[in-house]
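S.K.: This is entry-v3.txt, which holds compact mmCIF, C-alpha atoms and all ligand atoms:
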```
# COMPACT_ATOMS: atom_id res chain seq x y z
CA MET O 1 2.19 -9.81 17.50
CA THR O 2 1.24 -8.05 14.29
CA ILE O 3 0.78 -4.32 14.79
CA LEU O 4 -2.18 -3.89 12.39
CA ALA O 5 -4.69 -6.23 10.81
CA ALA O 6 -7.99 -6.05 8.95
CA ARG O 7 -10.78 -8.46 9.79
CA ASP O 8 -13.67 -8.78 7.32
CA LEU O 9 -13.24 -5.09 6.68
CA VAL O 10 -15.96 -3.41 4.63
CA LEU O 11 -15.27 0.22 3.66
CA GLY O 12 -17.09 2.76 1.61
CA TYR O 13 -18.25 6.29 1.12
CA GLY O 14 -21.81 7.06 2.15
CA ARG O 15 -23.28 3.62 2.26
CA ARG O 16 -21.68 2.38 -0.97
CA PRO O 17 -19.03 -0.24 -0.18
CA VAL O 18 -15.84 -0.10 -2.25
CA VAL O 19 -13.82 -2.56 -0.14
CA HIS O 20 -15.62 -5.85 0.43
CA GLY O 21 -14.63 -7.99 3.40
CA VAL O 22 -10.84 -7.73 3.42
CA THR O 23 -8.93 -9.84 5.94
CA LEU O 24 -5.16 -9.45 6.14
CA GLU O 25 -2.32 -9.02 8.62
CA LEU O 26 0.67 -6.76 8.35
CA THR O 27 3.76 -8.89 8.69
CA GLU O 28 7.41 -8.12 9.33
CA GLY O 29 9.56 -7.20 6.36
CA GLY O 30 7.06 -4.87 4.71
CA THR O 31 3.54 -5.41 3.38
CA GLY O 32 2.44 -4.27 -0.07
CA LEU O 33 -1.07 -3.48 -1.26
CA ILE O 34 -1.04 -3.62 -5.04
CA GLY O 35 -3.74 -2.87 -7.55
CA GLU O 36 -4.80 -0.57 -10.33
CA SER O 37 -6.43 2.82 -9.86
CA GLY O 38 -9.78 2.55 -8.06
CA SER O 39 -9.11 -0.92 -6.59
CA GLY O 40 -9.46 0.44 -3.03
CA LYS O 41 -5.82 0.75 -1.92
CA THR O 42 -6.05 4.30 -0.56
CA THR O 43 -9.40 3.55 1.06
CA LEU O 44 -7.80 0.63 2.92
CA ALA O 45 -4.79 2.74 3.88
CA ARG O 46 -7.10 5.44 5.29
CA ALA O 47 -8.86 2.83 7.41
CA PHE O 48 -5.49 1.50 8.65
CA LEU O 49 -4.64 5.07 9.69
CA GLY O 50 -7.93 5.39 11.57
CA LEU O 51 -9.17 8.07 9.14
CA LEU O 52 -12.16 6.12 7.79
CA LYS O 53 -14.76 4.34 9.89
CA PRO O 54 -15.51 0.78 8.73
CA LEU O 55 -19.00 -0.04 7.44
CA GLY O 56 -18.33 -3.56 8.67
CA GLY O 57 -15.57 -5.63 10.27
CA GLN O 58 -12.67 -4.02 12.08
CA VAL O 59 -9.13 -2.72 11.99
CA VAL O 60 -7.15 -4.42 14.74
CA TYR O 61 -4.28 -2.49 16.34
CA ALA O 62 -2.02 -4.33 18.80
CA GLY O 63 -4.69 -6.98 19.31
CA ARG O 64 -7.67 -4.62 19.89
CA ASP O 65 -10.25 -2.88 17.76
CA LEU O 66 -8.69 0.39 16.64
CA ARG O 67 -11.82 2.25 17.81
CA GLN O 68 -10.96 1.28 21.39
CA ALA O 69 -7.24 1.94 21.07
CA ASP O 70 -5.16 4.54 22.87
CA ARG O 71 -5.01 7.18 20.11
CA ARG O 72 -1.77 8.74 21.35
CA ALA O 73 0.03 5.41 21.32
CA PHE O 74 -1.44 4.69 17.87
CA ARG O 75 -0.21 7.99 16.42
CA ARG O 76 3.25 7.31 17.83
CA ASP O 77 3.33 3.80 16.38
CA VAL O 78 1.76 4.37 12.97
CA GLN O 79 2.75 7.32 10.80
CA PRO O 80 1.59 8.19 7.28
CA VAL O 81 3.96 9.27 4.53
CA PHE O 82 2.06 11.19 1.89
CA GLN O 83 3.41 12.88 -1.22
CA GLY O 84 6.03 15.63 -0.69
CA GLU O 85 3.51 18.12 -1.99
CA SER O 86 1.66 17.85 1.34
CA LEU O 87 4.20 20.17 3.08
CA ASP O 88 2.93 23.61 4.13
CA PRO O 89 4.38 25.93 1.45
CA ARG O 90 4.73 28.86 3.87
CA MET O 91 6.73 27.01 6.50
CA ARG O 92 10.48 26.65 6.49
CA ILE O 93 11.65 23.04 6.35
CA GLY O 94 13.19 23.19 9.83
CA ALA O 95 9.93 24.45 11.38
CA SER O 96 7.96 21.82 9.50
CA VAL O 97 10.13 19.01 10.90
CA ALA O 98 10.30 20.58 14.38
CA GLU O 99 6.51 20.68 14.53
CA ALA O 100 6.42 16.89 14.25
CA LEU O 101 8.95 16.38 17.06
CA PRO O 102 7.86 15.92 20.65
CA ARG O 103 8.31 19.04 22.81
CA GLY O 104 11.77 18.98 24.33
CA ALA O 105 13.26 17.21 21.31
CA ARG O 106 13.08 20.07 18.79
CA ASP O 107 16.86 20.26 18.61
CA ARG O 108 16.79 16.95 16.70
CA VAL O 109 15.78 18.64 13.41
CA GLY O 110 19.33 18.57 11.99
CA ALA O 111 19.85 14.94 12.98
CA LEU O 112 16.56 13.91 11.38
CA LEU O 113 17.40 15.73 8.14
CA GLU O 114 20.75 13.94 8.10
CA GLN O 115 19.03 10.62 8.74
CA VAL O 116 17.08 11.01 5.50
CA GLY O 117 20.16 12.10 3.58
CA LEU O 118 19.56 15.87 3.56
CA ASP O 119 21.99 18.66 4.41
CA PRO O 120 20.78 20.23 7.72
CA GLU O 121 21.32 23.64 6.10
CA LEU O 122 18.18 23.01 4.04
CA ALA O 123 16.20 23.66 7.24
CA ALA O 124 16.19 27.37 6.39
CA ARG O 125 14.47 26.84 3.01
CA ARG O 126 10.81 26.65 2.04
CA PRO O 127 9.35 23.63 0.16
CA HIS O 128 9.39 25.33 -3.28
CA GLU O 129 13.16 25.79 -2.93
CA LEU O 130 13.67 21.99 -2.78
CA SER O 131 13.52 19.30 -5.47
CA GLY O 132 10.67 16.78 -5.48
CA GLY O 133 12.97 14.09 -4.08
CA GLN O 134 14.21 16.43 -1.32
CA ARG O 135 10.63 17.30 -0.40
CA GLN O 136 9.77 13.62 -0.15
CA ARG O 137 12.75 13.12 2.19
CA VAL O 138 11.42 15.94 4.39
CA VAL O 139 8.03 14.20 4.57
CA ILE O 140 9.81 11.00 5.62
CA ALA O 141 11.85 12.92 8.23
CA ARG O 142 8.61 14.32 9.69
CA ALA O 143 7.13 10.83 9.91
CA LEU O 144 10.28 9.51 11.62
CA ALA O 145 10.21 12.26 14.25
CA VAL O 146 8.14 10.16 16.68
CA GLU O 147 10.14 6.97 15.98
CA PRO O 148 7.15 5.02 14.66
CA ARG O 149 7.00 1.24 14.36
CA LEU O 150 5.14 1.42 11.06
CA LEU O 151 5.09 3.82 8.12
CA VAL O 152 2.01 3.84 5.89
CA LEU O 153 3.28 4.87 2.47
CA ASP O 154 0.81 5.77 -0.29
CA GLU O 155 2.63 5.87 -3.64
CA PRO O 156 5.68 7.41 -1.94
CA THR O 157 7.75 7.71 -5.10
CA SER O 158 5.30 7.85 -8.00
CA ALA O 159 5.75 11.60 -8.55
CA LEU O 160 9.55 11.30 -8.80
CA ASP O 161 11.78 10.46 -11.71
CA VAL O 162 13.30 7.01 -11.82
CA THR O 163 16.76 7.68 -10.35
CA VAL O 164 15.35 9.80 -7.51
CA GLN O 165 12.75 7.07 -6.92
CA ALA O 166 15.48 4.46 -6.54
CA ARG O 167 17.32 6.57 -3.94
CA ILE O 168 14.16 7.14 -1.89
CA LEU O 169 13.47 3.39 -2.02
CA ASP O 170 17.00 2.73 -0.71
CA LEU O 171 16.35 5.17 2.12
CA LEU O 172 13.02 3.52 3.04
CA ALA O 173 14.53 0.03 2.85
CA GLY O 174 17.21 1.02 5.36
CA LEU O 175 14.89 2.41 8.04
CA ALA O 176 14.09 0.60 11.28
CA ALA O 177 10.32 1.21 10.94
CA ASP O 178 8.29 -1.42 9.11
CA ARG O 179 6.17 -0.52 6.09
CA LEU O 180 2.69 -0.76 4.67
CA LEU O 181 3.11 0.30 1.08
CA ILE O 182 0.34 1.20 -1.32
CA THR O 183 1.30 1.21 -4.96
CA HIS O 184 0.42 0.16 -8.47
CA ASN O 185 4.08 -0.57 -9.10
CA LEU O 186 5.27 -4.13 -8.61
CA ALA O 187 8.93 -3.17 -8.85
CA VAL O 188 8.48 -0.92 -5.81
CA VAL O 189 6.87 -3.63 -3.67
CA GLU O 190 9.52 -6.08 -4.78
CA ARG O 191 12.14 -3.77 -3.28
CA LEU O 192 10.32 -2.91 -0.04
CA CYS O 193 7.82 -5.64 0.89
CA ARG O 194 8.38 -9.28 1.72
CA THR O 195 4.62 -9.92 1.59
CA SER O 196 2.04 -8.54 -0.83
CA HIS O 197 -1.72 -8.50 -1.23
CA VAL O 198 -3.20 -7.90 -4.67
CA LEU O 199 -6.47 -5.96 -4.73
CA PHE O 200 -9.00 -5.99 -7.51
CA ALA O 201 -12.32 -4.13 -7.28
CA GLY O 202 -12.09 -3.90 -3.49
CA ARG O 203 -11.23 -7.55 -2.84
CA VAL O 204 -7.93 -9.23 -2.07
CA VAL O 205 -7.52 -11.68 -4.94
CA GLU O 206 -4.06 -13.01 -4.05
CA SER O 207 -1.65 -12.87 -1.08
CA GLY O 208 1.79 -14.30 -0.53
CA GLU O 209 5.48 -13.56 -0.54
CA THR O 210 6.14 -10.85 -3.11
CA ALA O 211 8.90 -12.82 -4.82
CA ASP O 212 6.59 -15.84 -5.19
CA LEU O 213 3.74 -13.74 -6.59
CA LEU O 214 6.03 -12.26 -9.19
CA ARG O 215 7.69 -15.53 -10.14
CA ALA O 216 4.52 -17.60 -10.33
CA PRO O 217 1.27 -15.63 -9.99
CA ALA O 218 -1.71 -17.80 -9.12
CA HIS O 219 -4.35 -15.21 -10.03
CA PRO O 220 -4.75 -14.07 -13.66
CA TYR O 221 -4.99 -10.46 -12.47
CA THR O 222 -1.65 -10.69 -10.62
CA LYS O 223 -0.17 -12.16 -13.78
CA ALA O 224 -1.60 -9.34 -15.91
CA LEU O 225 -0.17 -6.75 -13.50
CA ARG O 226 3.22 -8.42 -13.49
CA ASP O 227 3.36 -8.68 -17.26
CA ALA O 228 2.31 -5.02 -17.64
CA VAL O 229 5.02 -3.37 -15.46
CA PRO O 230 8.49 -4.74 -15.83
CA THR O 231 10.36 -1.72 -14.40
CA LEU O 232 10.39 1.14 -11.94
CA GLY O 233 8.77 4.34 -13.04
CA GLY O 234 6.33 2.97 -15.60
CA PRO O 235 2.80 4.34 -15.91
CA PRO O 236 0.05 2.74 -13.80
CA PRO O 237 -0.93 -0.60 -15.34
CA GLU O 238 -4.55 -1.17 -16.15
CA PRO O 239 -4.50 -4.48 -17.98
CA GLY O 240 -7.60 -4.99 -20.08
CA ARG O 241 -9.18 -1.91 -18.49
CA SER O 242 -11.89 -1.77 -21.16
CA ALA O 243 -14.08 -4.33 -19.34
CA PRO O 244 -15.57 -3.30 -15.98
CA ALA O 245 -15.35 -5.34 -12.79
CA ALA O 246 -18.17 -7.90 -12.79
CA GLU O 247 -21.02 -7.12 -10.37
CA SER O 248 -21.44 -10.79 -9.46
CA GLY O 249 -19.19 -13.82 -9.38
CA CYS O 250 -15.45 -13.29 -9.77
CA PRO O 251 -15.00 -9.52 -10.29
CA PHE O 252 -12.16 -10.13 -12.78
CA ARG O 253 -14.03 -12.59 -14.99
CA LEU O 254 -15.00 -10.11 -17.74
CA ARG O 255 -11.31 -9.39 -18.38
CA CYS O 256 -9.92 -12.80 -17.56
CA PRO O 257 -8.40 -14.91 -20.35
CA LEU O 258 -9.03 -18.07 -18.27
CA ALA O 259 -12.68 -17.38 -17.32
CA VAL O 260 -15.05 -20.37 -17.46
CA PRO O 261 -18.74 -20.67 -16.44
CA ALA O 262 -17.68 -21.63 -12.88
CA CYS O 263 -16.37 -18.06 -12.48
CA GLU O 264 -19.96 -16.80 -12.24
CA GLU O 265 -19.66 -18.07 -8.67
CA LEU O 266 -17.56 -15.76 -6.44
CA PRO O 267 -14.34 -17.63 -5.56
CA GLU O 268 -13.54 -17.55 -1.84
CA PRO O 269 -9.90 -16.94 -0.83
CA ARG O 270 -8.23 -20.31 -0.18
CA VAL O 271 -4.76 -21.48 0.75
CA LEU O 272 -3.09 -23.25 -2.16
CA ALA O 273 -1.94 -26.76 -1.35
CA GLY O 274 1.58 -27.97 -2.01
CA ARG O 275 3.35 -24.58 -2.02
CA PRO O 276 6.57 -24.23 -0.03
CA ARG O 277 5.32 -20.91 1.43
CA PRO O 278 1.75 -19.88 2.26
CA ARG O 279 -0.22 -18.52 -0.68
CA THR O 280 -3.87 -17.47 -0.65
CA VAL O 281 -5.80 -16.95 -3.85
CA ALA O 282 -9.40 -16.27 -4.80
CA CYS O 283 -9.57 -17.95 -8.21
CA HIS O 284 -11.18 -21.14 -9.50
CA ARG O 285 -8.41 -21.51 -12.09
CA ALA O 286 -5.34 -20.94 -9.88
CA GLU O 287 -3.94 -24.46 -10.28
CA ASP O 288 -4.50 -24.28 -14.05
CA LEU O 289 -2.68 -20.94 -14.25
CA LEU O 290 0.25 -22.26 -12.20
CA GLY O 291 0.30 -25.33 -14.42
CA GLY O 292 0.72 -23.12 -17.49
CA ALA O 293 -2.85 -22.95 -18.82
CA THR O 294 -3.74 -20.27 -21.31
CA ALA O 295 -7.21 -19.41 -22.67
CA PRO O 296 -9.80 -22.22 -22.21
N1 LIG O 301 -14.10 10.49 -1.09
C1 LIG O 301 -14.71 9.59 -1.86
N2 LIG O 301 -16.05 9.63 -2.08
C2 LIG O 301 -16.67 8.71 -2.84
N3 LIG O 301 -16.05 7.69 -3.47
C3 LIG O 301 -14.71 7.60 -3.31
C4 LIG O 301 -13.97 8.54 -2.51
N4 LIG O 301 -12.65 8.19 -2.54
C5 LIG O 301 -12.58 7.10 -3.33
N5 LIG O 301 -13.79 6.73 -3.79
C6 LIG O 301 -14.11 5.57 -4.67
O1 LIG O 301 -13.67 4.40 -4.00
C7 LIG O 301 -13.08 3.48 -4.90
C8 LIG O 301 -11.68 3.12 -4.43
O2 LIG O 301 -10.88 4.30 -4.46
P1 LIG O 301 -9.38 4.36 -3.89
O3 LIG O 301 -8.94 5.77 -3.92
O4 LIG O 301 -9.33 3.63 -2.61
O5 LIG O 301 -8.61 3.51 -5.00
P2 LIG O 301 -7.04 3.37 -5.25
O6 LIG O 301 -6.81 1.93 -5.52
O7 LIG O 301 -6.29 3.98 -4.14
O8 LIG O 301 -6.86 4.21 -6.57
P3 LIG O 301 -5.65 5.19 -7.00
O9 LIG O 301 -4.48 4.29 -7.30
O10 LIG O 301 -6.20 5.88 -8.22
O11 LIG O 301 -5.42 6.13 -5.85
C9 LIG O 301 -13.13 4.14 -6.26
O12 LIG O 301 -14.26 3.63 -6.95
C10 LIG O 301 -13.32 5.61 -5.95
O13 LIG O 301 -14.05 6.24 -6.97
```
Written as structure tokens, that's how I'd like the structure from this file.
Ligand SMILES: Nc1ncnc2c1ncn2[C@@H]1O[C@H](COP(=O)(O)OP(=O)(O)OP(=O)(O)O)[C@@H](O)[C@H]1O
M.R.:
Amino acid sequence: MTILAARDLVLGYGRRPVVHGVTLELTEGGTGLIGESGSGKTTLARAFLGLLKPLGGQVVYAGRDLRQADRRAFRRDVQPVFQGESLDPRMRIGASVAEALPRGARDRVGALLEQVGLDPELAARRPHELSGGQRQRVVIARALAVEPRLLVLDEPTSALDVTVQARILDLLAGLAADRLLITHNLAVVERLCRTSHVLFAGRVVESGETADLLRAPAHPYTKALRDAVPTLGGPPPEPGRSAPAAESGCPFRLRCPLAVPACEELPEPRVLAGRPRPRTVACHRAEDLLGGATAP
């Protein structure tokens, strides 16, 4: 059974929705949520962590509405990994990691530091005495302390330089815990997530195996993202950012090179026929894009 899923999830701040009816399941092998700044990735991640109450729909944890779940079991199963800067600057690294360990297991600090590739002697230091990559490893060690089934990673490497990023990605790829990864960087999801969901303006516009999305995107926004970020470590892509998301119809239509009058009607997510592996897309022009169409 999938550990976490969203069903018709509507999320927002105050009463203003910013995520509109998202349905998706976290699957084995890592799940990526990809999209530009403001697309709703962090909002979705906060709901998956139980930190934001849905305006509509539900987060499903182990088959039940998260609101009715056993919170202790949930916190053991699902752990966030935020940026390394989230460590308490006054606490020594060892104390910071020990705090996350269950009582009676505090002697595991050294082993956990080793597990994330750090010298246990670093336990005596404070966060400012570590590099950014080392701090991020400490944050991962803290998350691993309860042996979670799932890590929720929000841009886990974006503050790091490219070589350090690659080493942290290797570390994450080798862990037993599965991953929900939030990022604007397609190269990062390619490394860590078998499945990806592309978000635009609070809607999932395309879902499928990451390798398939990258090889043959079926949504013009996925294609624009792919074409904008060929490598690790690039700046956040915001293809065609000058035009806003459309208020009605397909939200991408004002930026879309393939837009036609039919796009004034909101496209519902649909499973594409004739693909070897499942692919869902919310675009009237998906078949045309896959067939090599350019501007109409
Ligand atoms: N605390 C908040 N109060 C009000 N609006 C918010 C709040 N946090 C986010 N938003 C709005 O919700 C929308 C989605 O934001 P969110 O942070 O989820 O996007 P994101 O895809 O994670 O972006 P980024 O990559 O920049 O972190 C944006 O329009 C943002 O302005």
S.K.: Select the residues contacting ligand LIG 301 (chain O) at a distance of at most 9 Å, based on all atoms listed in the file, then format the selection as a PDB file with C-alpha atoms, in the coordinates of the input.
M.R.:
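Heads up, here's the output in result-v4.pdb:
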```pdb
ATOM      1  CA  LEU O  11     -15.270   0.220   3.660  1.00  0.00           C
ATOM      2  CA  GLY O  12     -17.090   2.760   1.610  1.00  0.00           C
ATOM      3  CA  TYR O  13     -18.250   6.290   1.120  1.00  0.00           C
ATOM      4  CA  GLY O  14     -21.810   7.060   2.150  1.00  0.00           C
ATOM      5  CA  ARG O  16     -21.680   2.380  -0.970  1.00  0.00           C
ATOM      6  CA  PRO O  17     -19.030  -0.240  -0.180  1.00  0.00           C
ATOM      7  CA  VAL O  18     -15.840  -0.100  -2.250  1.00  0.00           C
ATOM      8  CA  VAL O  19     -13.820  -2.560  -0.140  1.00  0.00           C
ATOM      9  CA  LEU O  33      -1.070  -3.480  -1.260  1.00  0.00           C
ATOM     10  CA  ILE O  34      -1.040  -3.620  -5.040  1.00  0.00           C
ATOM     11  CA  GLY O  35      -3.740  -2.870  -7.550  1.00  0.00           C
ATOM     12  CA  GLU O  36      -4.800  -0.570 -10.330  1.00  0.00           C
ATOM     13  CA  SER O  37      -6.430   2.820  -9.860  1.00  0.00           C
ATOM     14  CA  GLY O  38      -9.780   2.550  -8.060  1.00  0.00           C
ATOM     15  CA  SER O  39      -9.110  -0.920  -6.590  1.00  0.00           C
ATOM     16  CA  GLY O  40      -9.460   0.440  -3.030  1.00  0.00           C
ATOM     17  CA  LYS O  41      -5.820   0.750  -1.920  1.00  0.00           C
ATOM     18  CA  THR O  42      -6.050   4.300  -0.560  1.00  0.00           C
ATOM     19  CA  THR O  43      -9.400   3.550   1.060  1.00  0.00           C
ATOM     20  CA  LEU O  44      -7.800   0.630   2.920  1.00  0.00           C
ATOM     21  CA  ALA O  45      -4.790   2.740   3.880  1.00  0.00           C
ATOM     22  CA  ARG O  46      -7.100   5.440   5.290  1.00  0.00           C
ATOM     23  CA  ASP O 154       0.810   5.770  -0.290  1.00  0.00           C
ATOM     24  CA  GLU O 155       2.630   5.870  -3.640  1.00  0.00           C
ATOM     25  CA  ILE O 182       0.340   1.200  -1.320  1.00  0.00           C
ATOM     26  CA  THR O 183       1.300   1.210  -4.960  1.00  0.00           C
ATOM     27  CA  HIS O 184       0.420   0.160  -8.470  1.00  0.00           C
ATOM     28  CA  LEU O 199      -6.470  -5.960  -4.730  1.00  0.00           C
ATOM     29  CA  PHE O 200      -9.000  -5.990  -7.510  1.00  0.00           C
ATOM     30  CA  ALA O 201     -12.320  -4.130  -7.280  1.00  0.00           C
ATOM     31  CA  GLY O 202     -12.090  -3.900  -3.490  1.00  0.00           C
ATOM     32  CA  PRO O 236       0.050   2.740 -13.800  1.00  0.00           C
TER      33      PRO O 236
END
```
S.K.: Hey, which of O:Leu49, O:Ala262, O:Glu209, O:Cys256 ends up closest to Arg277 (chain O)? Count all atoms listed in the file.
M.R.: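 So, comparing all the options, the nearest one is O:Glu209.
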S.K.: When you look at region 69-73 of chain O with a cut-off of 9 Å (counting all atoms listed in the file), what residues show up, excluding the ones that are within fewer than 6 positions of it in the same chain? I need them as a list in words.
M.R.: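 With the cut-off at 9 Å, the set is Val60, Tyr61 and Ala62 of chain O.
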S.K.: Identify which of the residues O:Phe48, O:Phe82, O:Phe74, O:Phe252 lies closest to Pro156 (chain O), counting only C-alpha atoms when measuring atom-to-atom distances.
M.R.: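 The closest residue to Pro156 (chain O) is O:Phe82.
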S.K.: Select all residues near (3.2, -2.7, -4.9) (cut-off 12 Å, inclusive, file coordinates), counting all atoms listed in the file, and output them as an MDAnalysis selection string.
M.R.: chainID O and resid 30:36 41 153:158 179:199 207 209:211 213:214 222 225:226 229 231:232 236:237
S.K.: Can you spit out the residues from that selection as a short mmCIF file (atom, residue, chain, number, x, y, z; two decimals), keeping the file's coordinate frame, using C-alpha atoms?
M.R.:
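Saved file selection.cif follows:
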```cif
data_model
loop_
_atom_site.label_atom_id
_atom_site.label_comp_id
_atom_site.auth_asym_id
_atom_site.auth_seq_id
_atom_site.Cartn_x
_atom_site.Cartn_y
_atom_site.Cartn_z
CA GLY O 30 7.06 -4.87 4.71
CA THR O 31 3.54 -5.41 3.38
CA GLY O 32 2.44 -4.27 -0.07
CA LEU O 33 -1.07 -3.48 -1.26
CA ILE O 34 -1.04 -3.62 -5.04
CA GLY O 35 -3.74 -2.87 -7.55
CA GLU O 36 -4.80 -0.57 -10.33
CA LYS O 41 -5.82 0.75 -1.92
CA LEU O 153 3.28 4.87 2.47
CA ASP O 154 0.81 5.77 -0.29
CA GLU O 155 2.63 5.87 -3.64
CA PRO O 156 5.68 7.41 -1.94
CA THR O 157 7.75 7.71 -5.10
CA SER O 158 5.30 7.85 -8.00
CA ARG O 179 6.17 -0.52 6.09
CA LEU O 180 2.69 -0.76 4.67
CA LEU O 181 3.11 0.30 1.08
CA ILE O 182 0.34 1.20 -1.32
CA THR O 183 1.30 1.21 -4.96
CA HIS O 184 0.42 0.16 -8.47
CA ASN O 185 4.08 -0.57 -9.10
CA LEU O 186 5.27 -4.13 -8.61
CA ALA O 187 8.93 -3.17 -8.85
CA VAL O 188 8.48 -0.92 -5.81
CA VAL O 189 6.87 -3.63 -3.67
CA GLU O 190 9.52 -6.08 -4.78
CA ARG O 191 12.14 -3.77 -3.28
CA LEU O 192 10.32 -2.91 -0.04
CA CYS O 193 7.82 -5.64 0.89
CA ARG O 194 8.38 -9.28 1.72
CA THR O 195 4.62 -9.92 1.59
CA SER O 196 2.04 -8.54 -0.83
CA HIS O 197 -1.72 -8.50 -1.23
CA VAL O 198 -3.20 -7.90 -4.67
CA LEU O 199 -6.47 -5.96 -4.73
CA SER O 207 -1.65 -12.87 -1.08
CA GLU O 209 5.48 -13.56 -0.54
CA THR O 210 6.14 -10.85 -3.11
CA ALA O 211 8.90 -12.82 -4.82
CA LEU O 213 3.74 -13.74 -6.59
CA LEU O 214 6.03 -12.26 -9.19
CA THR O 222 -1.65 -10.69 -10.62
CA LEU O 225 -0.17 -6.75 -13.50
CA ARG O 226 3.22 -8.42 -13.49
CA VAL O 229 5.02 -3.37 -15.46
CA THR O 231 10.36 -1.72 -14.40
CA LEU O 232 10.39 1.14 -11.94
CA PRO O 236 0.05 2.74 -13.80
CA PRO O 237 -0.93 -0.60 -15.34
#
```
S.K.: So which residues are close to (12.5, 27.0, 13.1), meaning at most 12 Å away in the file's coordinates with only C-alpha atoms counted, and can you show them as a VMD selection string?
M.R.: chain O and resid 91 to 101 106 to 110 120 to 126
S.K.: Restricting it to C-alpha atoms, dump the selection as a PDB file, in the coordinates of the input.
M.R.:
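Output saved as part-v2.pdb:
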```pdb
ATOM      1  CA  MET O  91       6.730  27.010   6.500  1.00  0.00           C
ATOM      2  CA  ARG O  92      10.480  26.650   6.490  1.00  0.00           C
ATOM      3  CA  ILE O  93      11.650  23.040   6.350  1.00  0.00           C
ATOM      4  CA  GLY O  94      13.190  23.190   9.830  1.00  0.00           C
ATOM      5  CA  ALA O  95       9.930  24.450  11.380  1.00  0.00           C
ATOM      6  CA  SER O  96       7.960  21.820   9.500  1.00  0.00           C
ATOM      7  CA  VAL O  97      10.130  19.010  10.900  1.00  0.00           C
ATOM      8  CA  ALA O  98      10.300  20.580  14.380  1.00  0.00           C
ATOM      9  CA  GLU O  99       6.510  20.680  14.530  1.00  0.00           C
ATOM     10  CA  ALA O 100       6.420  16.890  14.250  1.00  0.00           C
ATOM     11  CA  LEU O 101       8.950  16.380  17.060  1.00  0.00           C
ATOM     12  CA  ARG O 106      13.080  20.070  18.790  1.00  0.00           C
ATOM     13  CA  ASP O 107      16.860  20.260  18.610  1.00  0.00           C
ATOM     14  CA  ARG O 108      16.790  16.950  16.700  1.00  0.00           C
ATOM     15  CA  VAL O 109      15.780  18.640  13.410  1.00  0.00           C
ATOM     16  CA  GLY O 110      19.330  18.570  11.990  1.00  0.00           C
ATOM     17  CA  PRO O 120      20.780  20.230   7.720  1.00  0.00           C
ATOM     18  CA  GLU O 121      21.320  23.640   6.100  1.00  0.00           C
ATOM     19  CA  LEU O 122      18.180  23.010   4.040  1.00  0.00           C
ATOM     20  CA  ALA O 123      16.200  23.660   7.240  1.00  0.00           C
ATOM     21  CA  ALA O 124      16.190  27.370   6.390  1.00  0.00           C
ATOM     22  CA  ARG O 125      14.470  26.840   3.010  1.00  0.00           C
ATOM     23  CA  ARG O 126      10.810  26.650   2.040  1.00  0.00           C
TER      24      ARG O 126
END
```
S.K.: Which is closest to Pro102 (chain O) among O:Arg142, O:His20, O:Arg285, O:His219, if we use all atoms listed in the file?
M.R.: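 The closest residue to Pro102 (chain O) is O:Arg142.
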S.K.: Looking at only C-alpha atoms, which of O:Ala173, O:Ala145, O:Asp227, O:Gly57 is the one that sits closest to Val78 (chain O)?
M.R.: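 Checking each of O:Ala173, O:Ala145, O:Asp227, O:Gly57 against Val78 (chain O), counting only C-alpha atoms, the winner is O:Ala145.
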S.K.: Which of these, O:Ile168, O:Leu51, O:Ala245, O:Ala224, has the shortest distance to Pro257 (chain O) once you count all atoms listed in the file?
M.R.: O:Ala224
S.K.: Which one of O:Arg270, O:Arg279, O:Arg167, O:Arg203 sits closest to Pro217 (chain O) if you count all atoms listed in the file?
M.R.: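 Nearest to Pro217 (chain O): O:Arg279.
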S.K.: How many Å lie between CA of Gly292 (chain O) and CA of Pro267 (chain O), rounded to one decimal?
M.R.: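 Answer for the CA of Gly292 (chain O) to CA of Pro267 (chain O) separation: 20.0 Å.
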S.K.: Skipping near chain neighbours, those fewer than 2 positions away, what residues fall within 7 Å of Gly21 (chain O) using all atoms listed in the file, listed as a list in words?
M.R.: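 My reading of the contact set: Asp8, Leu9, Val10, Val19 and Thr23 of chain O.
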S.K.: CA of Leu289 (chain O) and CA of Ala216 (chain O), how far apart in Å?
M.R.: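 Going from CA of Ala216 (chain O) over to CA of Leu289 (chain O), I get 8.9 Å.
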S.K.: Just how far from CA of Gln134 (chain O) is CA of Gly117 (chain O), in Å to one decimal?
M.R.: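 CA of Gly117 (chain O) sits 8.8 Å away from CA of Gln134 (chain O).
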